[in-house]
file target-v2.cif (mmCIF, C-alpha atoms)
data_target
loop_
_atom_site.label_atom_id
_atom_site.label_comp_id
_atom_site.auth_asym_id
_atom_site.auth_seq_id
_atom_site.Cartn_x
_atom_site.Cartn_y
_atom_site.Cartn_z
CA MET A 27 54.10 -16.49 -9.12
CA ALA A 28 56.33 -16.70 -12.19
CA PHE A 29 53.26 -17.27 -14.40
CA ASN A 30 51.48 -14.23 -12.94
CA ALA A 31 54.50 -12.00 -13.45
CA LEU A 32 54.88 -13.18 -17.04
CA ALA A 33 51.18 -12.66 -17.70
CA ALA A 34 51.39 -9.17 -16.23
CA ALA A 35 54.29 -8.41 -18.56
CA GLN A 36 51.98 -9.02 -21.52
CA MET A 37 49.27 -6.66 -20.25
CA PRO A 38 48.96 -3.00 -21.23
CA PRO A 39 50.09 -0.62 -18.43
CA GLY A 40 46.53 0.52 -17.72
CA GLU A 41 45.40 -3.06 -17.01
CA MET A 42 48.00 -3.89 -14.36
CA SER A 43 45.91 -3.75 -11.22
CA ASP A 44 48.44 -5.12 -8.71
CA GLN A 45 51.33 -2.77 -9.51
CA PRO A 46 51.72 1.02 -9.79
CA ALA A 47 51.71 2.22 -13.39
CA ASN A 48 55.41 3.12 -13.29
CA VAL A 49 56.53 -0.31 -11.97
CA VAL A 50 57.01 -2.88 -14.72
CA PRO A 51 58.65 -6.32 -15.01
CA MET A 52 62.16 -6.45 -16.38
CA GLN A 53 60.95 -7.63 -19.82
CA ARG A 54 58.94 -4.43 -20.41
CA THR A 55 61.32 -1.76 -19.16
CA GLN A 56 63.06 0.19 -21.90
CA GLY A 57 66.40 0.92 -20.31
CA PRO A 58 67.27 -0.80 -17.02
CA ASP A 59 70.80 -0.62 -15.71
CA GLN A 60 72.27 -3.42 -17.82
CA GLU A 61 75.23 -3.98 -15.51
CA GLN A 62 72.90 -4.48 -12.56
CA VAL A 63 70.61 -6.74 -14.62
CA GLN A 64 73.53 -8.96 -15.62
CA LYS A 65 74.62 -9.21 -11.99
CA LEU A 66 71.17 -10.27 -10.85
CA LEU A 67 70.77 -12.79 -13.67
CA GLY A 68 74.26 -14.18 -13.04
CA TRP A 69 73.53 -14.69 -9.35
CA MET A 70 70.17 -16.24 -10.21
CA LYS A 71 71.89 -18.90 -12.36
CA SER A 72 74.77 -19.54 -9.93
CA ASP A 73 74.86 -22.85 -8.05
CA ASN A 74 76.70 -21.19 -5.17
CA ILE A 75 77.31 -17.43 -5.07
CA ALA A 76 79.48 -17.89 -1.97
CA ALA A 77 82.32 -19.20 -4.16
CA ASP A 78 82.69 -15.69 -5.67
CA LEU A 79 82.44 -13.67 -2.44
CA ASP A 80 85.39 -12.36 -0.44
CA ASP A 81 86.15 -13.50 3.10
CA GLU A 82 85.02 -10.21 4.66
CA THR A 83 81.53 -10.51 3.12
CA LEU A 84 81.26 -14.18 4.06
CA ASN A 85 82.28 -13.50 7.66
CA LYS A 86 79.76 -10.66 7.92
CA MET A 87 77.04 -12.90 6.49
CA GLY A 88 77.82 -15.77 8.85
CA GLU A 89 77.84 -13.59 11.96
CA LEU A 90 74.56 -11.85 11.09
CA VAL A 91 72.75 -15.06 10.13
CA LYS A 92 73.75 -16.70 13.42
CA ARG A 93 72.96 -13.63 15.53
CA GLU A 94 69.51 -13.12 14.01
CA PHE A 95 68.77 -16.85 14.25
CA ASP A 96 69.46 -16.61 18.00
CA ILE A 97 67.10 -13.61 18.25
CA ASP A 98 64.28 -15.55 16.59
CA GLU A 99 64.99 -18.70 18.61
CA ASN A 100 64.84 -16.77 21.89
CA SER A 101 61.57 -15.08 20.91
CA ARG A 102 59.80 -18.47 20.73
CA SER A 103 61.41 -20.07 23.78
CA GLU A 104 58.19 -20.26 25.83
CA TRP A 105 56.24 -21.82 22.94
CA LYS A 106 59.08 -24.25 22.29
CA THR A 107 59.11 -25.43 25.92
CA LYS A 108 55.36 -26.09 25.85
CA THR A 109 55.66 -27.91 22.52
CA GLU A 110 58.46 -30.15 23.81
CA GLN A 111 56.25 -31.03 26.77
CA ALA A 112 53.38 -31.74 24.37
CA MET A 113 55.58 -34.15 22.40
CA ASP A 114 56.60 -35.91 25.61
CA LEU A 115 52.92 -36.30 26.43
CA ALA A 116 52.08 -37.72 23.00
CA MET A 117 55.06 -40.09 23.09
CA GLN A 118 54.10 -41.30 26.59
CA ASN A 119 57.44 -40.17 28.05
CA ALA A 120 56.72 -40.37 31.77
CA LYS A 121 58.97 -38.35 34.10
CA GLU A 122 59.42 -38.73 37.83
CA LYS A 123 56.93 -36.60 39.78
CA GLN A 124 57.79 -34.65 42.92
CA PHE A 125 54.25 -33.40 43.61
CA PRO A 126 52.26 -33.99 45.75
CA TRP A 127 55.08 -36.17 47.11
CA PRO A 128 58.36 -37.55 45.72
CA LYS A 129 57.93 -40.36 43.18
CA ALA A 130 54.16 -40.01 43.13
CA ALA A 131 52.25 -42.14 40.61
CA ASN A 132 52.48 -40.74 37.09
CA VAL A 133 50.05 -42.48 34.77
CA ILE A 134 49.72 -40.87 31.32
CA TYR A 135 46.48 -41.63 29.54
CA PRO A 136 47.11 -41.68 25.74
CA MET A 137 44.44 -39.05 25.05
CA VAL A 138 46.62 -36.81 22.85
CA THR A 139 48.05 -39.76 20.95
CA THR A 140 44.58 -41.12 20.27
CA ALA A 141 43.32 -37.69 19.17
CA SER A 142 46.28 -37.37 16.75
CA THR A 143 45.64 -40.80 15.24
CA GLN A 144 41.92 -40.14 14.85
CA PHE A 145 42.54 -36.79 13.14
CA ALA A 146 45.03 -38.33 10.68
CA ALA A 147 42.69 -41.25 9.97
CA ARG A 148 39.98 -38.81 8.89
CA ALA A 149 42.12 -36.20 7.14
CA TYR A 150 44.33 -38.56 5.09
CA PRO A 151 41.59 -40.13 2.91
CA ALA A 152 40.10 -36.66 2.36
CA ILE A 153 43.41 -35.49 0.88
CA VAL A 154 44.67 -38.68 -0.76
CA ASN A 155 41.44 -39.74 -2.44
CA GLY A 156 42.59 -42.17 -5.13
CA ARG A 157 44.83 -40.52 -7.72
CA SER A 158 42.88 -37.26 -7.95
CA ILE A 159 45.02 -35.30 -5.49
CA VAL A 160 45.02 -32.01 -7.42
CA LYS A 161 41.83 -30.63 -8.96
CA GLY A 162 41.83 -27.65 -11.31
CA VAL A 163 39.32 -24.84 -10.86
CA VAL A 164 37.76 -23.03 -13.82
CA ILE A 165 37.67 -19.25 -13.33
CA GLY A 166 35.33 -17.24 -15.54
CA GLU A 167 33.01 -18.43 -18.27
CA ASP A 168 33.74 -21.61 -20.18
CA GLN A 169 31.17 -21.23 -22.93
CA GLY A 170 33.73 -21.06 -25.71
CA THR A 171 34.70 -18.30 -28.18
CA PRO A 172 33.16 -18.41 -31.67
CA GLN A 173 35.15 -17.46 -34.73
CA ILE A 174 34.11 -14.00 -35.99
CA ASP A 175 33.80 -13.05 -39.66
CA PRO A 176 35.97 -9.89 -40.05
CA GLN A 177 33.65 -8.49 -42.74
CA THR A 178 30.28 -8.93 -41.06
CA GLY A 179 31.39 -9.02 -37.44
CA GLN A 180 29.08 -12.00 -36.93
CA PRO A 181 29.99 -15.55 -35.82
CA VAL A 182 31.03 -17.88 -38.63
CA MET A 183 28.44 -20.66 -38.99
CA GLN A 184 28.65 -24.13 -40.46
CA PRO A 185 26.10 -26.94 -41.02
CA GLY A 186 25.52 -28.99 -37.92
CA PRO A 187 24.48 -32.64 -37.53
CA PRO A 188 21.03 -33.50 -38.90
CA GLY A 189 18.14 -33.38 -36.45
CA PRO A 190 15.23 -35.83 -36.01
CA ASP A 191 13.54 -34.31 -39.07
CA GLY A 192 16.68 -34.75 -41.17
CA GLN A 193 17.30 -31.01 -41.35
CA SER A 194 20.71 -29.61 -40.42
CA MET A 195 20.88 -26.57 -38.14
CA PRO A 196 23.83 -24.15 -38.45
CA VAL A 197 26.29 -24.17 -35.56
CA PRO A 198 29.17 -21.75 -34.80
CA VAL A 199 32.73 -22.42 -35.86
CA TRP A 200 34.55 -22.30 -32.54
CA GLN A 201 37.83 -20.51 -32.07
CA THR A 202 37.88 -21.94 -28.55
CA PRO A 203 35.31 -24.72 -28.04
CA PRO A 204 33.01 -24.81 -24.99
CA GLY A 205 34.52 -26.65 -22.03
CA ALA A 206 38.12 -25.98 -23.15
CA LYS A 207 39.03 -24.49 -19.77
CA ARG A 208 37.58 -27.51 -17.95
CA ILE A 209 39.58 -29.89 -20.12
CA LYS A 210 42.78 -27.89 -19.50
CA ALA A 211 42.12 -27.75 -15.74
CA ASP A 212 41.61 -31.53 -15.64
CA GLN A 213 44.84 -32.10 -17.57
CA ILE A 214 46.81 -29.87 -15.19
CA GLY A 215 45.28 -31.61 -12.17
CA GLU A 216 46.10 -35.04 -13.58
CA HIS A 217 49.72 -34.05 -14.29
CA MET A 218 50.26 -32.48 -10.87
CA SER A 219 48.72 -35.53 -9.18
CA TRP A 220 51.24 -37.68 -11.07
CA GLN A 221 54.04 -35.39 -9.87
CA LEU A 222 53.00 -35.82 -6.24
CA LEU A 223 52.28 -39.55 -6.24
CA ASP A 224 54.86 -40.90 -8.73
CA GLU A 225 57.59 -38.35 -9.37
CA GLN A 226 57.94 -37.46 -5.67
CA PRO A 227 57.92 -40.77 -3.74
CA GLU A 228 58.40 -38.90 -0.46
CA TRP A 229 55.21 -36.81 -0.78
CA GLU A 230 52.71 -39.42 0.44
CA PRO A 231 54.61 -40.67 3.54
CA GLU A 232 55.59 -37.09 4.43
CA THR A 233 51.92 -36.08 4.19
CA ASP A 234 50.95 -38.96 6.49
CA GLN A 235 53.56 -37.88 9.02
CA LEU A 236 52.43 -34.24 8.75
CA LEU A 237 48.83 -35.18 9.56
CA HIS A 238 49.88 -37.09 12.70
CA LEU A 239 52.18 -34.33 13.98
CA LEU A 240 49.90 -31.37 13.20
CA PRO A 241 47.20 -31.98 15.86
CA ILE A 242 49.84 -32.51 18.55
CA VAL A 243 52.05 -29.44 18.09
CA GLY A 244 49.55 -27.29 16.18
CA CYS A 245 51.84 -26.07 13.42
CA VAL A 246 53.78 -27.92 10.71
CA PHE A 247 55.53 -26.78 7.52
CA ARG A 248 56.04 -28.28 4.09
CA LYS A 249 59.11 -27.40 2.03
CA THR A 250 58.64 -27.59 -1.74
CA TYR A 251 61.60 -26.96 -4.01
CA PHE A 252 63.46 -28.16 -7.09
CA ASP A 253 66.42 -30.40 -6.28
CA PRO A 254 69.08 -30.02 -9.01
CA GLY A 255 70.83 -33.19 -7.83
CA LYS A 256 67.69 -35.31 -8.30
CA GLY A 257 66.45 -33.30 -11.28
CA ARG A 258 62.90 -33.05 -9.91
CA ASN A 259 60.68 -31.27 -7.42
CA CYS A 260 60.84 -32.37 -3.77
CA SER A 261 58.28 -32.00 -1.01
CA LEU A 262 59.39 -32.49 2.60
CA MET A 263 57.67 -32.06 5.94
CA VAL A 264 59.52 -29.71 8.30
CA SER A 265 58.88 -29.92 12.03
CA PRO A 266 58.25 -26.57 13.73
CA MET A 267 61.02 -27.44 16.17
CA ASN A 268 63.46 -27.17 13.24
CA PHE A 269 61.86 -24.16 11.56
CA VAL A 270 62.65 -20.94 13.37
CA VAL A 271 60.60 -17.79 12.79
CA ASN A 272 60.32 -14.80 15.09
CA TYR A 273 57.36 -15.50 17.36
CA HIS A 274 55.85 -12.06 16.68
CA ALA A 275 55.86 -12.44 12.87
CA LYS A 276 52.52 -12.16 11.10
CA SER A 277 53.03 -14.45 8.10
CA LEU A 278 55.63 -16.29 6.03
CA GLU A 279 55.11 -13.81 3.20
CA THR A 280 55.98 -10.72 5.25
CA VAL A 281 58.59 -11.98 7.72
CA PRO A 282 62.12 -10.75 6.87
CA ARG A 283 63.77 -14.13 7.49
CA THR A 284 63.05 -17.78 8.23
CA THR A 285 65.61 -20.39 9.28
CA GLU A 286 65.53 -24.15 8.93
CA ILE A 287 67.85 -26.26 11.08
CA ILE A 288 69.16 -29.07 8.84
CA PRO A 289 71.46 -31.91 10.02
CA TYR A 290 73.99 -33.26 7.50
CA TYR A 291 76.23 -36.27 8.01
CA PRO A 292 79.96 -35.82 7.29
CA LEU A 293 79.66 -37.98 4.16
CA GLU A 294 76.84 -35.79 2.87
CA ILE A 295 78.89 -32.66 3.57
CA GLU A 296 81.87 -34.09 1.68
CA GLY A 297 79.65 -34.94 -1.29
CA MET A 298 78.17 -31.44 -1.42
CA GLN A 299 81.62 -29.87 -1.22
CA ARG A 300 82.86 -32.03 -4.08
CA SER A 301 79.81 -31.15 -6.22
CA GLY A 302 80.18 -27.41 -5.58
CA MET A 303 76.94 -27.03 -3.61
CA PHE A 304 79.01 -26.18 -0.51
CA ILE A 305 82.28 -24.29 -0.42
CA GLU A 306 85.24 -25.66 1.54
CA PRO A 307 85.40 -24.30 5.10
CA LYS A 308 88.23 -21.93 5.97
CA VAL A 309 88.52 -23.64 9.36
CA PRO A 310 87.81 -27.41 9.67
CA TYR A 311 84.49 -28.16 11.37
CA GLY A 312 85.97 -30.70 13.72
CA GLU A 313 83.67 -32.96 15.72
CA ALA A 314 79.94 -32.29 15.67
CA GLU A 315 78.33 -30.72 18.71
CA ASN A 316 77.30 -33.34 21.31
CA ALA A 317 78.91 -36.07 19.19
CA ASP A 318 80.47 -37.85 22.20
CA GLY A 319 83.33 -39.18 20.09
CA ASP A 320 81.13 -40.28 17.15
CA LYS A 321 82.96 -39.05 14.04
CA ASP A 322 79.89 -39.81 11.91
CA ALA A 323 77.52 -37.67 14.01
CA PRO A 324 75.63 -35.09 11.93
CA HIS A 325 76.54 -31.41 11.92
CA GLU A 326 73.76 -28.84 12.14
CA PHE A 327 73.46 -26.22 9.41
CA LEU A 328 71.21 -23.14 9.33
CA GLU A 329 69.46 -22.50 6.01
CA GLN A 330 68.20 -18.94 6.31
CA HIS A 331 65.82 -17.46 3.73
CA ARG A 332 66.45 -13.75 4.01
CA TYR A 333 67.36 -10.51 2.21
CA TRP A 334 70.86 -9.17 1.55
CA ASP A 335 72.06 -6.18 -0.46
CA LEU A 336 74.68 -8.04 -2.48
CA ASP A 337 74.95 -5.49 -5.30
CA GLU A 338 75.14 -2.61 -2.78
CA ASP A 339 72.47 -0.48 -4.45
CA GLY A 340 70.55 0.15 -1.22
CA TYR A 341 67.88 -2.50 -1.96
CA ALA A 342 68.25 -5.96 -0.42
CA GLU A 343 67.56 -8.93 -2.70
CA PRO A 344 66.13 -12.29 -1.54
CA TYR A 345 68.72 -15.06 -1.04
CA ILE A 346 69.15 -18.35 0.80
CA ILE A 347 72.25 -18.27 3.01
CA THR A 348 73.39 -21.55 4.60
CA ILE A 349 75.93 -21.60 7.42
CA HIS A 350 77.52 -24.22 9.66
CA LYS A 351 75.78 -23.56 12.98
CA GLN A 352 78.67 -24.34 15.30
CA SER A 353 81.32 -22.25 13.47
CA SER A 354 79.05 -19.70 11.69
CA GLN A 355 80.92 -20.31 8.43
CA VAL A 356 78.95 -19.65 5.24
CA VAL A 357 78.82 -22.70 2.98
CA ARG A 358 76.23 -21.69 0.38
CA VAL A 359 74.46 -18.62 -1.00
CA VAL A 360 71.83 -18.92 -3.76
CA ALA A 361 69.30 -16.51 -5.24
CA ARG A 362 65.70 -16.77 -4.10
CA TYR A 363 64.14 -14.99 -7.07
CA ASP A 364 63.61 -15.55 -10.79
CA ALA A 365 63.76 -13.25 -13.82
CA GLU A 366 59.99 -12.69 -13.88
CA GLY A 367 60.10 -11.42 -10.30
CA ILE A 368 62.47 -8.51 -10.99
CA HIS A 369 60.55 -5.24 -11.42
CA PHE A 370 62.03 -1.90 -12.50
CA ASN A 371 60.76 1.68 -12.30
CA LYS A 372 60.16 2.61 -15.95
CA ASN A 373 61.07 6.25 -15.27
CA THR A 374 64.28 5.88 -13.26
CA HIS A 375 65.17 2.38 -14.58
CA LYS A 376 66.11 1.36 -11.04
CA ILE A 377 64.88 -1.75 -9.25
CA ALA A 378 61.46 -1.12 -7.74
CA LYS A 379 61.00 -4.56 -6.14
CA ILE A 380 62.07 -8.20 -6.39
CA ASP A 381 59.49 -10.87 -5.64
CA PRO A 382 60.99 -13.71 -3.55
CA VAL A 383 60.30 -17.36 -4.29
CA PHE A 384 58.65 -18.97 -1.25
CA TYR A 385 59.68 -22.55 -0.43
CA TYR A 386 57.56 -23.18 2.67
CA THR A 387 53.84 -23.72 3.26
CA LYS A 388 52.45 -23.33 6.78
CA TYR A 389 49.75 -25.65 8.17
CA ASP A 390 47.89 -24.49 11.30
CA PHE A 391 45.68 -26.62 13.54
CA ILE A 392 44.26 -24.01 15.97
CA PRO A 393 45.30 -20.34 15.62
CA ASN A 394 47.35 -19.13 18.55
CA PRO A 395 45.05 -17.21 20.95
CA ASP A 396 47.84 -14.77 21.85
CA GLY A 397 48.46 -13.89 18.19
CA GLY A 398 51.86 -15.58 17.97
CA PHE A 399 53.19 -16.98 14.71
CA TYR A 400 53.08 -20.62 15.83
CA ALA A 401 49.66 -22.21 16.20
CA VAL A 402 48.69 -24.62 19.00
CA GLY A 403 47.45 -28.19 19.07
CA PHE A 404 45.96 -30.78 21.40
CA GLY A 405 49.35 -31.23 23.07
CA GLN A 406 49.52 -27.68 24.41
CA LEU A 407 45.79 -27.47 25.18
CA LEU A 408 45.38 -30.84 26.97
CA ARG A 409 48.74 -31.05 28.72
CA PRO A 410 47.62 -29.24 31.91
CA ILE A 411 44.84 -31.81 32.51
#

call {"tool": "encode", "arguments": {"input": "target-v2.cif", "output": "structure tokens"}}
result
Amino acid sequence: MAFNALAAAQMPPGEMSDQPANVVPMQRTQGPDQEQVQKLLGWMKSDNIAADLDDETLNKMGELVKREFDIDENSRSEWKTKTEQAMDLAMQNAKEKQFPWPKAANVIYPMVTTASTQFAARAYPAIVNGRSIVKGVVIGEDQGTPQIDPQTGQPVMQPGPPGPDGQSMPVPVWQTPPGAKRIKADQIGEHMSWQLLDEQPEWEPETDQLLHLLPIVGCVFRKTYFDPGKGRNCSLMVSPMNFVVNYHAKSLETVPRTTEIIPYYPLEIEGMQRSGMFIEPKVPYGEAENADGDKDAPHEFLEQHRYWDLDEDGYAEPYIITIHKQSSQVVRVVARYDAEGIHFNKNTHKIAKIDPVFYYTKYDFIPNPDGGFYAVGFGQLLRPI
């Protein structure tokens, strides 16, 4: 996305096909509101915007994030119940039956579990095929660009290698040699494959887990982001049970908010507070919910990717707001955009749009027949039989 925005910034206005002629990236506008630009850039670079916000704003954020999370969670309650039953079926969790009589026999044949294993066994080698995980695609011609003589307008020629008869045939002097795109695509694919297999040690086991879970529940997510603490990209599988989206949403790109439920142990919370990633709570968290006296039990946090009008100009910008679920206290706010994604109206010099950075990728097994956001898998389809 950042590359496309930067490339668009280098194009003449008449060639920008995906934007209106009067909407331009920040680099090309002649006179944007500099105060607003500095605010946006400052928030973009901040490790935690919440440290600079007043208590009233933080309280308003926390209450709205929690309230809208509950709305989305309630909208998917029926799907969630069926998915929990599907997981019980796959895990062979037998429950006492009361029909057709109390404590009737309850034998669970491992059909769903076997189907999941068979799917993963076939899909995994198709994805992880040696070290060539990523393959670049060449778009357009790759025949090369010859160097043109400015005086004649003809390609510059030079003697080529001698042929069978000992005569040398002239060949073009290449500005860009044939196959240059293919070579570049192969280099990019090789580097990205190294990133996945070597730089991100979690990618391969997380992919294996994703392929086993996907056919059971029907829908799994992958979170890809840059971790400043580790200094590298990370790629994590996110269960749909912990990723809350309104059931009636159409896609991740158009939904106004998504929420991931993330557990953090008290030691992790203390470390993030000391590093500045989390702000100190105004009210102590106390014991975690359902901790049963365990002081080391994890606390649940809600990481909500949403929009908020922080500069109060009437246009909401994309942010990530993280709150402590039990107390609704905001612990972190970070920008979810980059400089290339900020577009201004070249006539009014006001913000026309801000492209959000998307962290999640959705994997569907079988599209939901009722049109809901969450897809279905063998667990939901085979559970009744």

call {"tool": "atom_distance", "arguments": {"input": "target-v2.cif", "atom1": "CA of Cys260 in chain A", "atom2": "CA of Leu223 in chain A"}}
result
11.4 Å

call {"tool": "closest_residue", "arguments": {"input": "target-v2.cif", "among": "A:Tyr389, A:Val356, A:Gly297, A:Val197", "to": "Val264 in chain A", "atoms": "only C-alpha atoms"}}
result
A:Tyr389

call {"tool": "resolve_selection", "arguments": {"input": "target-v2.cif", "expression": "the PyMOL selection byres ((chain A and resi 310-318) around 10)", "output": "PyMOL selection string"}}
result
chain A and resi 291-292+306-309+319-326+350-353+355

call {"tool": "resolve_selection", "arguments": {"input": "target-v2.cif", "expression": "the PyMOL selection byres ((chain A and resi 110) around 12)", "output": "ChimeraX atom specification"}}
result
/A:103-109,111-117,119,242-243,265-267,405-406,409

call {"tool": "residues_around", "arguments": {"input": "target-v2.cif", "residues": "Thr348 in chain A", "least_positions_apart": "6", "cutoff": "12 Å", "atoms": "all atoms listed in the file", "output": "number ranges by chain"}}
result
A: 74-76, 84, 87-92, 95, 284-289, 303-305, 326-332, 354-361

call {"tool": "resolve_selection", "arguments": {"input": "target-v2.cif", "expression": "the PyMOL selection byres ((chain A and resi 398) around 8)", "output": "PyMOL selection string"}}
result
chain A and resi 273-276+394-397+399-401

call {"tool": "closest_residue", "arguments": {"input": "target-v2.cif", "among": "A:Asp212, A:Glu279, A:Asp234, A:Asp81", "to": "Ala146 in chain A", "atoms": "only C-alpha atoms"}}
result
A:Asp234

call {"tool": "residues_around", "arguments": {"input": "target-v2.cif", "residues": "range 165-173 of chain A", "least_positions_apart": "6", "cutoff": "10 Å", "atoms": "all atoms listed in the file", "output": "NGL selection string"}}
result
:A and (179-183 or 197-208 or 211)

call {"tool": "atom_distance", "arguments": {"input": "target-v2.cif", "atom1": "CA of Ser101 in chain A", "atom2": "CA of Ile347 in chain A"}}
result
21.1 Å

call {"tool": "residues_around", "arguments": {"input": "target-v2.cif", "residues": "Met70 in chain A", "least_positions_apart": "2", "cutoff": "10 Å", "atoms": "all atoms listed in the file", "output": "PDB file with C-alpha atoms, in the frame of the given file"}}
result
ATOM      1  CA  GLN A  64      73.530  -8.960 -15.620  1.00  0.00           C
ATOM      2  CA  LYS A  65      74.620  -9.210 -11.990  1.00  0.00           C
ATOM      3  CA  LEU A  66      71.170 -10.270 -10.850  1.00  0.00           C
ATOM      4  CA  LEU A  67      70.770 -12.790 -13.670  1.00  0.00           C
ATOM      5  CA  GLY A  68      74.260 -14.180 -13.040  1.00  0.00           C
ATOM      6  CA  SER A  72      74.770 -19.540  -9.930  1.00  0.00           C
ATOM      7  CA  ASP A  73      74.860 -22.850  -8.050  1.00  0.00           C
ATOM      8  CA  ASN A  74      76.700 -21.190  -5.170  1.00  0.00           C
ATOM      9  CA  ILE A  75      77.310 -17.430  -5.070  1.00  0.00           C
ATOM     10  CA  TYR A 345      68.720 -15.060  -1.040  1.00  0.00           C
ATOM     11  CA  VAL A 360      71.830 -18.920  -3.760  1.00  0.00           C
ATOM     12  CA  ALA A 361      69.300 -16.510  -5.240  1.00  0.00           C
ATOM     13  CA  ARG A 362      65.700 -16.770  -4.100  1.00  0.00           C
ATOM     14  CA  TYR A 363      64.140 -14.990  -7.070  1.00  0.00           C
ATOM     15  CA  ASP A 364      63.610 -15.550 -10.790  1.00  0.00           C
ATOM     16  CA  ALA A 365      63.760 -13.250 -13.820  1.00  0.00           C
TER      17      ALA A 365
END

call {"tool": "closest_residue", "arguments": {"input": "target-v2.cif", "among": "A:Asp390, A:Glu94, A:Asp381, A:Asp335", "to": "Ser277 in chain A", "atoms": "only C-alpha atoms"}}
result
A:Asp390
